[in-house]
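**Student:** One structure is given below, represented as C-alpha cells, and several questions about it will come after.
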Amino acid sequence: MDILRSVLGSAEPGPQVSSAETIERLVDRVSTSTLLEDRRDACRALKAMSRKFRLEVGAQGLAPMMNVLKTDGSDTEIISYVLDTLCNICSPEDFDEELVDDDREDITGVGEGFSEMFLKNKENITLLLNYMEEFDFKIRRPAVQLLTDLLTNCTREVQQQLLDSHVGVSRLMDILGETREVLRNDALILLFKVTKGNANLQKIVAFENAFDKLFEIMEAEGWTDGGIVVEDCLRLLLNLLRNNPSNQTFFKEGSYINRIKPGLDVIETDDQGWDAQKVANMLHILQLIRTLVAPSNPNQITNSCQQATSNSGVMDQLTSILLASGIPADVLTETINTLAEVIRGDNNNQEKFMSVSAPSQPPRPAIILLLMSMVNDKQPFSLRCAVLYCFQSYLFRNPTGQGSIVSSLLPTSEQQGDISAGQLLCGGLFSPDAVSNWLCSAALSHVFMDSDNMKIELLRVQLSTTVGSPPVSLISQCVKILQHAATTNMSTRFGVLQLLCSWVAGCTPAVTLLLSSPDSLSFLLNQIGSNEHDETERLSHGLCAVLLGLCILHNDGSVPGHTAHDLTTLVEKRLGSDMFLDKIGDIPKHEGYIKALKSPQLRCASTSDLLFDHMFCELFRSIDRDITGILVKKSSASPYLNGNNESGDILHYKNFIREQDLKMNQFVEANNLLHVELTNLRAQYEEVCGSVQILKDQNSIFQAQAINAVTSTPVNNANQQDSFIVNESLKVEDLENQLRHKDEYIAEIEARLVKEDSDVNDNLEKVTTMNQSQIIEIQNLKHQLESLRAIMMNKDEEIMKLKNDLPIQRKSNAPVDRFENMFMTSMEVEAQKKKLGSFELQLKNEEIERLSKEHEKEIISLETERNEIERELLNTRHKVDALEELTKDVSKENLNRLEDELRDTRCKLEEFQELRDAQTMQVKDSAVLENMLRESELKLLATSDELTVSKEHLQQLAVYNEQLRVAQEQMQQLSVNQVDNSAANQEQLAAVNEQLTVTKEQLVGVTSEQEDLLVMLADQEEKINKLKGRLRELGENVPSDEENDDIDGDDDLT
C-alpha cells in the first residue's frame, strides 16, 4: 500500500521515491503478487502513470502486462486497465504531459518501437482479437483502439498477421454491426486502416458482407446529412473498390450501384445551405462513382459499370445536379468530372447526355451551357478544366459527335437561330483570355482526333476576322494568333502549337496549307533558333521544332521551295541538327509532360500549369522517333562526316551499321510492346480468376440450396399425400433446372477458359516466334558485322600498301613524317570507333538475351497458373456431378416411396368402390337387405360383447396401474435402503422392472385393441344407418334407434 500511496499522492511524510523506482515496484507486484486485488491495483497505478512516463512503463511493464492478458482473462477490470495502458504506450502521438529527459534524443517513434515489440509474438494479435469478442464496453473499445494504433505504427506486419488469422476479419466485421455507435465508428476507422493498400484483405472484407452493412449505416445516418460517419463509410468503400477489379465486379453484380441513388438526391438551395460536411460527403459519393467508371480500370469493368450507371438512373441524377441551382462550385466541378467518365467511350451514354437540355428559354443542350462556362473567364479555373474534360470525353470514340461539331463550323445555307458549339470554340480561341485560348485549342484538337476526314473537313472552315476583309482559313488564323502571341501569352502559344501539331499529323493537305501561309516557316525557324534561358520558352521552341518536323515528315512537295528536302537542308544549314534535336528532347524531360501523359483528365492547380494536353503527349510519343530519324538519315547520307575525307566504301559500311543499329532499337521496342502485351494478358487472367471465384461462391450457394431441399422433412399428414407428391415433384423439377443451369454455366465458363487458353497460347507462340526471329536476325547481324570487319581490314591493308607504294615528295620546309603521322592517327581513331561499336553491340545482345530469358520465365509461370485453374475447374465439376448423383438418388427414393403409398391408396379406393357397387346391387332385394340388417345387428351385438370384454380388460388395467404405483413406491423405498441391502434390492428392483415392463406391454396391447374395436363399432353403426335409410326409401317399415332401445329394454325386463 505504500507504493500506491506514493503513486496516488499520500500526505504522509517520508522519503521521496523516484518514478522509475515506483514503476519498477508496480511491475514487480504485477508479476509476483498472488492476490488478484493487488495485481489489479498495480495495473490501475501503471495506467495512471503510462501517459506521463510512457517510455519507463512500456520498457518495464510490457511483458508482465501481456502475461496478465493471458492469465487473468476472467477479471474484466484488470483487463481493461491493461488494454488502456497498452493503448497509451503504443500511441503514435505524443502526450502533452509526457516527460522527456534532457539527454534523450529519440523523443519520436516511442509508440512505433513498442508496437514492434508487441508484434514480435504472433500470439498477441490472436489474444487481442479474442478480447475484441467480449461484449463489455470497457474491454472491447480499448482493444479496438489498440489494434488501430498498431496498424498506424506497423501497417504491413499487422495486415499480414490478420491474413494469417482465420477469424481476424470476421471479428472486425462483427464490431461493424455493433449497436453502440461509438464502437461502430471506431470499427470504421479500424477497417479503413486494415484495408489500406492490401488487395487480399479488401476482397475478404468485401465478401464478409461489408457493402450491405456500410449502406445500412449510411441509410440510417441520412446520407449527405449524416455527418462524419457517412464520410468514414464512403472512405472505406473507396478503399475497397479503388484498383480492385474483383471488388468492382462484385459491387456491380450485387446491384449496389442502385443503392447510391438516395445519396444523390439534392434539394435546390442557396450556396450557403450546404455545410462543409455535406459537401465532403457529396464529393466522396461522386468519387465512389468515378472509381467504378475510371479509365484506368479494365475496359470490361468500366463498360459494364457505365451501362449499370445509366440503367439504374444514377446518370439522370448527375445531370439533374448539373442543371440545378445553388450547388457549390466544388460539388459542381466534381459532378462534371464524374459525368465525363460515365460517358467516356460509351456511345449510348454520349447520346443520352447530348439529349439533355437545360430548362431555359430557348432550351439549350447541356453541352452548350458547359462550353459557355468554359469560355467565361469569370468562372472558377477548376470548373473550366472540368468542362474541357467532359467535352473531350463526349468526343472520345464518338464519330457522330465529332461530325456534329465540325458541321456547326462549316458554312450552311440555313440560318442558325442559336449559338452552336463550334462558334463557342472559335470565339474562345480568338478571345483575349489566354486560358480560353488554351482550353479551346485543346477542345478543337479532340474534334478531329483519330479521324483524317475530320481534319480535311475542318480545312474548309473560313473565318471573317474584320468587316470587309476576305475570309481566311482556320489554320491561317491560328498562325496569325501564334505570331502575335509569341511575346505575350505562353498559354496561348502552347495551346495553338499543340492544335497545329495534332492537325498536320498524318494530314498532307493541312501541311500544304500551313506552309502556304505567309511567314509561317520563318516564324518557326526564328523560334527554334532563339536562345532563351527560360525553361517554358525552351519548351515552346521544342513545340515549334515538332511542328516543323511534322511538316517535313508529311510533306508531299506540292509547295515550291518547301519540299521535305528543302526544309531538311534549311534546318541543317540555319539551325544545325544538334540544336533541333536538343529542343525536341527537352519536351519529354519536363514534369508537365510526364504529368499530362499519366491521365486524360487535366490536373492543373493554376493557370501557369497549362502546358500540355494528354492527347498531344500520346501523339508526341508516337512520332518522336520518326521526327528525329529524319535528320539522322540526312546526316548519315552526307559524304563528308566530321570533316574526314574517307572512302565511299567505308562510309557505306558505316551507314549500314547505323541502319542495323536502328533495327536493333526497333527490336527492343518490339520487345517492350510484347512485355506490355504480356502485362495485359496477366490482367485478363486475373479477371478470369475473379470470375472463377465468383462461380465457386455461386456453386457453394447452389449446393447448400440443394442439400436443404433434399433434407427437408416430408409432410406426415396422410390426408395431404397428393399435395405432398406435387410439391416433391416441383422440388425435383426445380433442382433439375438448377443443375441444368449450373451445367450450362459451367460449360460456358469452360468454353471461355478454353478460348482464353487458346488466346494465351497464340500470344505465347507469337512471342516465342518473335524471340526466335529476333535471335536469328541478331545472329545474322553478327555474321554480317564480322564479314564487314574482315572487308574493312582488307581495305585498310590495301590502303596501307598503296600509300607505301606511292613516292613521297618532300618539301624542304615540311616535316618528314607528317603524312605518316596523320595516317596513323586516323587508323587509331577508326580502331577505337570499332571497339566502341563492338562493345555497344555486345551490351545490346546481352540485354536482348536477358529479356528473352525473362519472357520465358513469365511464359512458364503463366502455363503453371493455367494448369492450376484447369485443376480447380475439374474439381468443381466433380463436386457438381457428385451433388447431382446424390440429388437424383434421394429424389428417386422419395418418389418410389410416395408412388407405393399412392398405389396402396388407390387399391383401397377400388375395394371401397366394389363394396359400394355390391351393396347397391343388394339394395334392390328388400329381403336380402333385411338379412343384411339382421347380420349387421348380430355383428353389432358381438361388437358390444367385445366392448364389454374390453371394459373388463380396462378394469384389469386399472388394477395393473395400481400395482404399478405400488411397485414404484417399493422402488423408492428400495432406493432409500439401497446402502444396507444392495444385493436383495437389486433382485427386487429387477423383478419389479420386469413386472412393470410386462404391465406396460399389456396396457399398450389392450389400448390398441380397444381403439380397433371402437373403430369397427363406428363403421358397423354407420353401415346399419345407411342400410336403414335405404330400406325406408324403398318403403319398408324399419324401426328407429329409439324404438330398438325400447325393445331392448323390454327384453331386459322380461
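Identifiers in this document derive from the order of the C-alpha cells: chains are assigned A, B, ..., residues are numbered from 1 separately in each chain, and ligands are numbered from 1 in order of occurrence.
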Neighbours of A:Ser393 within 10 Å (only C-alpha atoms; same-chain residues fewer than 6 positions away dropped), as a ChimeraX atom specification?

**Tutor:** /A:337,339-346,350,387,446,600-601

**Student:** Just the helix (DSSP H, G or I) stuff from stretch 89-328 of chain A, please, per backbone DSSP, written as a VMD selection string.

**Tutor:** chain A and resid 89 110 to 119 123 to 131 137 to 153 155 to 164 168 to 176 181 to 194 199 to 221 223 to 225 228 to 241 245 to 253 258 to 264 271 to 273 276 to 292 299 to 311 314 to 323

**Student:** Excluding same-chain residues fewer than 4 positions from stretch 301-316 of chain A, what lies within 9 Å of it counting only C-alpha atoms, as a PDB file with C-alpha atoms, in the first residue's frame?

**Tutor:**
```pdb
ATOM      1  CA  PRO A 245     -11.271  -5.284 -60.183  1.00  0.00           C
ATOM      2  CA  GLN A 248     -15.656  -3.678 -58.504  1.00  0.00           C
ATOM      3  CA  THR A 249     -17.236  -6.642 -60.286  1.00  0.00           C
ATOM      4  CA  LYS A 252     -21.677  -4.041 -59.809  1.00  0.00           C
ATOM      5  CA  SER A 255     -26.746  -4.101 -57.675  1.00  0.00           C
ATOM      6  CA  ILE A 257     -24.991   0.996 -57.790  1.00  0.00           C
ATOM      7  CA  ASN A 258     -28.768   1.333 -57.418  1.00  0.00           C
ATOM      8  CA  ILE A 260     -26.201   5.055 -54.386  1.00  0.00           C
ATOM      9  CA  LYS A 261     -29.226   6.930 -55.755  1.00  0.00           C
ATOM     10  CA  LEU A 264     -27.537  11.942 -54.921  1.00  0.00           C
ATOM     11  CA  ILE A 289     -18.929   6.568 -58.858  1.00  0.00           C
ATOM     12  CA  LEU A 292     -16.210   2.380 -60.792  1.00  0.00           C
ATOM     13  CA  VAL A 293     -16.004   4.042 -64.247  1.00  0.00           C
ATOM     14  CA  ALA A 294     -12.396   5.270 -64.162  1.00  0.00           C
ATOM     15  CA  PRO A 295     -10.487   4.941 -67.479  1.00  0.00           C
ATOM     16  CA  SER A 296      -7.650   3.217 -65.622  1.00  0.00           C
ATOM     17  CA  ASN A 297      -9.898   0.226 -64.815  1.00  0.00           C
ATOM     18  CA  SER A 320     -30.106  16.938 -62.549  1.00  0.00           C
ATOM     19  CA  ILE A 321     -27.345  18.073 -60.147  1.00  0.00           C
ATOM     20  CA  LEU A 339     -20.299  12.713 -65.857  1.00  0.00           C
ATOM     21  CA  GLU A 341     -16.059   9.460 -67.029  1.00  0.00           C
ATOM     22  CA  VAL A 342     -19.573   7.987 -67.143  1.00  0.00           C
ATOM     23  CA  ILE A 343     -19.972   8.917 -70.826  1.00  0.00           C
ATOM     24  CA  ARG A 344     -16.329   8.444 -71.910  1.00  0.00           C
ATOM     25  CA  GLY A 345     -16.176   5.907 -74.745  1.00  0.00           C
ATOM     26  CA  ASP A 346     -19.832   4.767 -74.326  1.00  0.00           C
ATOM     27  CA  ASN A 348     -25.257   5.233 -75.667  1.00  0.00           C
ATOM     28  CA  ASN A 349     -24.379   7.412 -72.691  1.00  0.00           C
ATOM     29  CA  LYS A 352     -28.159  10.337 -73.777  1.00  0.00           C
ATOM     30  CA  PHE A 353     -26.007  13.179 -72.470  1.00  0.00           C
TER      31      PHE A 353
END
```

**Student:** Rounded to one decimal, what separation in Å do you get between atom CA of A:Ala206 and atom CA of A:Tyr131?

**Tutor:**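 Rounded to one decimal, the two atoms are 23.7 Å apart.
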
**Student:** Set the distance at 12 Å and use only C-alpha atoms: which residues neighbour A:Leu332 once local chain neighbours fewer than 6 positions away are removed? I'd like the list as a PyMOL selection string.

**Tutor:** chain A and resi 271+279+282-283+286+318-326+338-339+370+373+379-380+382-384+386-387

**Student:** What does the distance from atom CA of A:Tyr389 to atom CA of A:His614 come to in Å, to one decimal?

**Tutor:**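 Between these atoms lies a distance of 10.5 Å.
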